[in-house]
Amino acid sequence: MVEELVAAGVALASAGAVGLVAAARVVKQYERGVVFRLGRLRPQVRGPGLTLIVPIVDRIHRVSLQIVTMPVPAQEGITRDNVTVRVDAVVYFKVTSPAEALVQVEDYRFAVSQMAQTSLRSIIGKSELDDLLSDREKLNQGLELMIDSPAVEWGVTIDRVEIKDVSLPETMKRSMARQAEADRERRARIINADAELQASKKLAEAAQQMADTPAALQLRLLQTVTAVAAEKNSTLVLPFPVELLRFLEKAQHQLPAPAPAPAPRVDPAPEEPNSSQH
């Protein structure tokens with residue numbers, strides 16, 4: 001009798017241990033457990049740690065709450081200014097409601113991926129090429145709002161969206177390179193013209209100062225001669241006043257025009273004697 005009781009106790013303990021092992025589940029720190037009892041969703045979401053379920057009756061699904069990094073395949077589209085581009089992006093999202101992520105949508109990862117691709121194509125069609133290249137922050141925010149609106153109903157929150165790369169046709173790259181080169185040349189010419197204007201103003205001020213003080217002009221000429229002599233070359237510099245050239249030019253205009261020379265007189269040649277008269 002005792003042996004039968006011991007055997008029955010051992011059998012019950014073994015069954016209890018097996019049942020405990022079958023009922024025990026471990027949920028990790030970054031996960032939450034969603035339990036379905038006979039297909040019906042249980043309102044309580046299991047937290048991290050050891051949890052127990054009813055074997056055969058309950059089914060537990062673990063949902064990760066970590067931020068998921070999902071690349072969006074490159075989408076080809078035509079911008080508002082009729083330029084064909086290929087744009088790829090990356091989406092960062094996480095599950096905020098594990099029960100809704102399992103019940104509201106069949107596969108929330110696939111749903112977010114398809115919504116991101118559709119929204120990216122829509123953003124390309126609504127934007128201009130300059131916005132895609134220079135104003136990406138604004139486009140990222142618009143793309144995030146477009147994806148986040150339906151994702152909230154799925155228990156998913158979009159953390160951020162980033163446009164990674166914009167691929168342009170080779171013809172467009174060459175055109176942009178020519179445009180950039182022309183713009184740099186224009187700015188260089190403007191800078192040179194501005195420098196010439198400033199230099200001319202300074203030279204005009206210097207000329208006015210030298211005109212008020214004639215000795216300053218002579219000192220400047222002596223400095224120029226000294227600078228040339230220091231080069232140790234055969235160049236000889238002779239300062240020549242400009243006023244003297246102007247005086248000679250005025251004197252040349254005031255001189256009367258020379259009278260034309262008389263034509264030389266030509267005497268007629270003497271006639272030869274006729275031989276018949278002798």
# chains A, B, ... in the order shown; residues from 1 in each chain; ligands from 1

$ residues_around --residues "segment 89-98 of chain A" --least-positions-apart "5" --cutoff "10 Å" --atoms "only C-alpha atoms" --output "PyMOL selection string"
chain A and resi 31-34+45+61-75+103+108-109+112-113+116-117+120+140+143-144+147-148+151-166

$ write_last_selection --atoms "C-alpha atoms" --output "tab-separated table (two decimals), in the first residue's frame"
chain	number	residue	atom	x	y	z
A	31	GLU	CA	9.65	41.89	-25.31
A	32	ARG	CA	6.03	41.74	-24.27
A	33	GLY	CA	3.86	38.61	-24.27
A	34	VAL	CA	0.38	38.66	-25.86
A	45	VAL	CA	-0.08	41.82	-21.66
A	61	HIS	CA	3.15	35.58	-28.87
A	62	ARG	CA	6.23	37.61	-28.04
A	63	VAL	CA	6.45	41.06	-29.60
A	64	SER	CA	9.70	43.03	-29.56
A	65	LEU	CA	9.59	46.65	-28.44
A	66	GLN	CA	13.02	47.50	-29.86
A	67	ILE	CA	13.42	50.14	-32.55
A	68	VAL	CA	13.47	48.44	-35.93
A	69	THR	CA	15.68	49.81	-38.70
A	70	MET	CA	14.06	49.10	-42.04
A	71	PRO	CA	15.66	50.19	-45.33
A	72	VAL	CA	13.27	51.39	-48.00
A	73	PRO	CA	14.19	50.13	-51.49
A	74	ALA	CA	15.12	52.80	-54.02
A	75	GLN	CA	12.04	54.26	-55.66
A	103	VAL	CA	-4.61	41.96	-34.11
A	108	TYR	CA	3.15	45.03	-39.27
A	109	ARG	CA	6.73	44.97	-40.65
A	112	VAL	CA	5.20	49.59	-42.68
A	113	SER	CA	7.57	48.72	-45.55
A	116	ALA	CA	7.07	53.72	-46.65
A	117	GLN	CA	7.60	52.89	-50.33
A	120	LEU	CA	8.38	57.94	-50.72
A	140	ASN	CA	11.92	63.77	-43.85
A	143	LEU	CA	7.51	61.54	-45.03
A	144	GLU	CA	7.38	60.67	-41.33
A	147	ILE	CA	3.84	56.92	-42.69
A	148	ASP	CA	2.91	57.57	-39.06
A	151	ALA	CA	0.83	53.15	-38.51
A	152	VAL	CA	-0.69	54.50	-35.28
A	153	GLU	CA	-3.75	52.31	-35.83
A	154	TRP	CA	-1.47	49.28	-36.05
A	155	GLY	CA	0.14	49.96	-32.67
A	156	VAL	CA	3.35	51.16	-34.35
A	157	THR	CA	5.05	54.53	-33.90
A	158	ILE	CA	7.47	55.92	-36.49
A	159	ASP	CA	10.54	57.21	-34.70
A	160	ARG	CA	12.12	58.94	-37.70
A	161	VAL	CA	12.59	58.70	-41.47
A	162	GLU	CA	15.77	59.63	-43.32
A	163	ILE	CA	16.33	60.01	-47.06
A	164	LYS	CA	19.67	58.31	-47.73
A	165	ASP	CA	20.59	59.00	-51.34
A	166	VAL	CA	19.26	60.71	-54.46

$ select_by_dssp --residues "segment 58-223 of chain A" --states "helix (DSSP H, G or I)" --output "MDAnalysis selection string"
chainID A and resid 98:103 108:126 129:134 136:154 170:212 214:223

$ residues_around --residues "Val21 of chain A" --least-positions-apart "3" --cutoff "12 Å" --atoms "only C-alpha atoms" --output "list in words"
Ser14, Ala15, Gly16, Ala17, Val18, Ala24, Arg25, Val26, Leu50, Thr51, Leu52, Ile53, Val54 and Pro55 of chain A

$ closest_residue --among "A:Glu137, A:Glu3, A:Asp130, A:Glu76" --to "Thr118 of chain A" --atoms "only C-alpha atoms"
A:Glu76

$ atom_distance --atom1 "atom CA of Ala215 of chain A" --atom2 "atom CA of Leu203 of chain A"
17.1 Å

$ select_by_dssp --residues "segment 23-263 of chain A" --states "strand (DSSP E)" --output "PyMOL selection string"
chain A and resi 24-27+31-37+40-41+49-52+58-64+68-78+84-95+156-167

$ atom_distance --atom1 "atom CA of Gln223 of chain A" --atom2 "atom CA of Gln198 of chain A"
23.5 Å

$ atom_distance --atom1 "atom CA of Gly125 of chain A" --atom2 "atom CA of Leu139 of chain A"
11.8 Å
